[in-house]
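Visitor: Here you go, one structure.
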Amino acid sequence: MSFAALSLRDVLRVPSTPVSMNLANFLSYLLPPVLSYFGVAVLVVMPRTQSLRVALWPLVALLALRATLSFDFSLGNPEGIAMFLIATRALEWTLATEPLQRCIRPVNSTPSVIMDVLDLAVNLRGYGWNWSKRLHVPRETRPLTRMRFVGCAMLSAGLHILISGILCTAIRSFSPNTFGSFRGGTIFDGTLPFFVRYLRSAIITIISIFNGYCSIQAVYDLCIVSAVLILRQDPAQWPPAFDAPWKATSVNDFCARRWHQMFRQTFLFLGGDPLSLMFGTVGRIIGGFLASAAFHDIMAVPFNGHMEPLGMILGFGAMAIGAVGERTFLQWTGRRVEGLTGWVWTMTWLILCSSLTIDGCARAGMFGSPSIIEGVAPLRALVEHLVMAFDAWLRTF
């Protein structure tokens with residue numbers, strides 16, 4: 001380790017060995033960056049505070065780095081990616097030249113700086129704020145009465161947790177000793193014939209995409225329950241996370257509208273906006289996808305300590321090429337990619353691109369985490385038996 005790195009660890013008072021999560025370590029390492037993050041959120045909704053934000057942001061970044069270096073983030077603990085988001089969102093707020101304004105508030109509520117700051121700090125999409133430009137908000141189909149809304153969220157959470165557990169077990173069962181464990185491994189089995197190899201990887205990719213969808217939806221539903229039932233937030237503050245992504249008829253439709261938009265503004269800030277200054281709209285698209293690749297690579301590191309930038313860059317880069325290609329097609333022909341042909345194109349390109357990203361996740365050991373059905377032995381055994389039998393059948397070709 002370099003002298004500079006050693007000096008930085010000493011200055012930040014990082015423990016010599018990673019610590020585990022307990023109350024004392026939470027108060028010492030995690031709470032300081034969280035409080036400084038809220039401090040920036042307070043300042044960014046107030047006028048004439050940019051100089052204070054500029055002075056505060058280095059402290060936020062150093063405290064977030066200190067927490068990241070201090071904790072044992074192995075096996076997929078989420079605190080590391082949370083620190084990354086704290087630092088990047090605080091930086092975006094630091095660079096804002098005008099106060100951020102809340103455009104949508106709960107019915108019958110009075111303006112409150114405290115409630116605005118709390119909403120801003122946890123509102124990943126920026127729904128109801130002027131900083132998240134051209135955000136697509138899916139149409140609401142759930143009842144908006146408080147208890148019925150919470151009931152729908154609880155049922156949805158339970159269903160998606162169960163499905164995610166089944167899908168996660170299915171993925172691991174394809175190769176329990178490689179990418180089904182934290183050791184990691186490729187989804188492209190080089191011992192299989194060409195067609196079978198990529199058919200198998202495509203199946204794993206499709207299952208993984210649906211598993212990601214169910215996992216994110218379940219977490220979102222659980223957040224709804226706590227926010228609406230306990231914190232008494234308005235159901236209207238929680239629009240749907242997804243907009244039926246399986247119905248997408250173009251790559252742009254899938255990425256910009258139908259898939260979740262939780263980190264959209266972060267990706268545009270980190271990659272899209274800088275590249276747009278040089279290459280316009282094309283740079284904005286490519287930069288956003290490259291920032292997403294970097295984010296997913298950082299998210300994968302804690303599982304087995306391996307970075308997989310190539311798979312992430314190739315996968316998300318190919319998605320960017322598809323999105324730019326659709327824009328070029330519109331300019332040349334005056335026609336949008338849509339309809340049944342657009343759906344076939346989108347799903348095909350999505351599977352091809354995502355297989356590279358999923359392979360990076362598999363190599364990083366992301367599928368090694370135990371699923372929710374681990375404790376339900378009969379169901380787990382059934383899923384494992386069916387998937388292993390199917391995998392063995394594929395290998396007969």
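Naming scheme: A, B, ... for chains in displayed order of the structure tokens; residues 1 onward per chain; ligands 1 onward as shown.
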Which residues, written as a list in words, have at least one atom at most 6 Å from Gly271 of chain A, with only C-alpha atoms counted and residues fewer than 3 positions away on the same chain left out?
Guide: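 What passes the distance filter is Phe267, Leu268, Pro274, Gly287, Gly288 and Ala291 of chain A.
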Visitor: Tell me, as a ChimeraX atom specification, which residues lie within 10 Å of Glu92 of chain A, counting only C-alpha atoms; anything in the same chain fewer than 5 positions away does not count.
Guide: /A:44,57,87,131,265-266,269-270
Visitor: Please report the interatomic distance between atom CA of Trp349 of chain A and atom CA of Ile286 of chain A in Å with one decimal.
Guide: 16.2 Å
Visitor: Which residue gives the smallest distance to Lys133 of chain A among A:Gln261, A:Ser201, A:Cys214, A:Thr346, with only C-alpha atoms counted?
Guide: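 That would be A:Gln261, the residue with the smallest distance to Lys133 of chain A.
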Visitor: Write out as a PyMOL selection string the residues lying within 10 Å of segment 28-30 of chain A, counting only C-alpha atoms and excluding same-chain residues fewer than 2 positions away.
Guide: chain A and resi 13-14+19+21-26+32-35+63-71+79+83
Visitor: Which residues are near Leu167 of chain A? Cut-off 9 Å, only C-alpha atoms, ignore same chain within fewer than 6 positions. Put them as a PDB file with N, CA, C and O atoms, in the first residue's frame.
Guide:
ATOM      1  N   ILE A 207     -33.991 -14.925 -16.657  1.00  0.00           N
ATOM      2  CA  ILE A 207     -34.355 -15.172 -15.262  1.00  0.00           C
ATOM      3  C   ILE A 207     -33.759 -14.089 -14.362  1.00  0.00           C
ATOM      4  O   ILE A 207     -34.409 -13.596 -13.436  1.00  0.00           O
ATOM      5  N   SER A 208     -32.519 -13.696 -14.645  1.00  0.00           N
ATOM      6  CA  SER A 208     -31.844 -12.685 -13.828  1.00  0.00           C
ATOM      7  C   SER A 208     -32.526 -11.333 -13.943  1.00  0.00           C
ATOM      8  O   SER A 208     -32.643 -10.595 -12.945  1.00  0.00           O
ATOM      9  N   PHE A 210     -35.728 -10.756 -14.580  1.00  0.00           N
ATOM     10  CA  PHE A 210     -36.971 -10.823 -13.811  1.00  0.00           C
ATOM     11  C   PHE A 210     -36.677 -10.856 -12.308  1.00  0.00           C
ATOM     12  O   PHE A 210     -37.441 -10.297 -11.509  1.00  0.00           O
ATOM     13  N   ASN A 211     -35.573 -11.494 -11.924  1.00  0.00           N
ATOM     14  CA  ASN A 211     -35.194 -11.497 -10.514  1.00  0.00           C
ATOM     15  C   ASN A 211     -34.863 -10.076 -10.048  1.00  0.00           C
ATOM     16  O   ASN A 211     -35.270  -9.661  -8.945  1.00  0.00           O
ATOM     17  N   SER A 371     -31.172 -17.139  -0.954  1.00  0.00           N
ATOM     18  CA  SER A 371     -32.476 -16.583  -1.290  1.00  0.00           C
ATOM     19  C   SER A 371     -33.439 -16.736  -0.124  1.00  0.00           C
ATOM     20  O   SER A 371     -33.167 -17.444   0.848  1.00  0.00           O
ATOM     21  N   VAL A 383     -37.298 -26.506  -6.778  1.00  0.00           N
ATOM     22  CA  VAL A 383     -36.728 -25.588  -7.767  1.00  0.00           C
ATOM     23  C   VAL A 383     -35.364 -26.097  -8.229  1.00  0.00           C
ATOM     24  O   VAL A 383     -35.066 -26.133  -9.429  1.00  0.00           O
TER      25      VAL A 383
END
Visitor: Run DSSP on the backbone and grab whatever in segment 130-302 of chain A lands in alpha helix (DSSP H); send it over as number ranges by chain.
Guide: A: 146-174, 194-224, 251-253, 264-267, 273-302
Visitor: Given only C-alpha atoms as the basis, pick out the residue of A:Leu310, A:Cys361, A:Leu275, A:Ala153 nearest to Tyr220 of chain A.
Guide: A:Ala153
Visitor: Need to verify the contact set: Leu314 of chain A, 10 Å, only C-alpha atoms, exclusion of same-chain residues closer than 5 positions in sequence. Can you return it as a list in words?
Guide: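 Listed by chain and then number, they are Leu290, Ala293, Pro309, Met319, Ala320, Cys353, Ser354, Ser355, Leu356, Thr357 and Gly360 of chain A.
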Visitor: With N, CA and C atoms retained, export the selected residues as a compact mmCIF listing (two decimals), in the first residue's frame.
Guide:
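And here's selection12.txt as it stands now:
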# COMPACT_ATOMS: atom_id res chain seq x y z
N LEU A 290 -22.75 4.75 -19.54
CA LEU A 290 -21.42 4.46 -18.96
C LEU A 290 -21.41 4.69 -17.45
N ALA A 293 -22.94 1.73 -15.96
CA ALA A 293 -21.99 0.62 -15.94
C ALA A 293 -21.06 0.73 -14.73
N PRO A 309 -15.30 -4.60 -14.81
CA PRO A 309 -15.67 -3.44 -15.62
C PRO A 309 -15.93 -3.78 -17.09
N MET A 319 -26.15 -1.24 -24.99
CA MET A 319 -27.48 -0.64 -24.84
C MET A 319 -27.49 0.80 -25.35
N ALA A 320 -26.39 1.52 -25.08
CA ALA A 320 -26.29 2.90 -25.56
C ALA A 320 -26.27 2.93 -27.09
N CYS A 353 -27.45 -7.70 -24.86
CA CYS A 353 -26.65 -6.76 -24.06
C CYS A 353 -26.60 -7.18 -22.59
N SER A 354 -27.74 -7.58 -22.07
CA SER A 354 -27.81 -7.92 -20.66
C SER A 354 -27.01 -9.17 -20.34
N SER A 355 -26.84 -10.06 -21.31
CA SER A 355 -26.06 -11.28 -21.04
C SER A 355 -24.62 -10.91 -20.66
N LEU A 356 -24.10 -9.85 -21.26
CA LEU A 356 -22.74 -9.39 -20.91
C LEU A 356 -22.70 -8.81 -19.49
N THR A 357 -23.74 -8.04 -19.16
CA THR A 357 -23.81 -7.46 -17.82
C THR A 357 -24.04 -8.54 -16.77
N GLY A 360 -20.96 -10.36 -16.01
CA GLY A 360 -20.12 -9.62 -15.07
C GLY A 360 -20.60 -9.78 -13.64
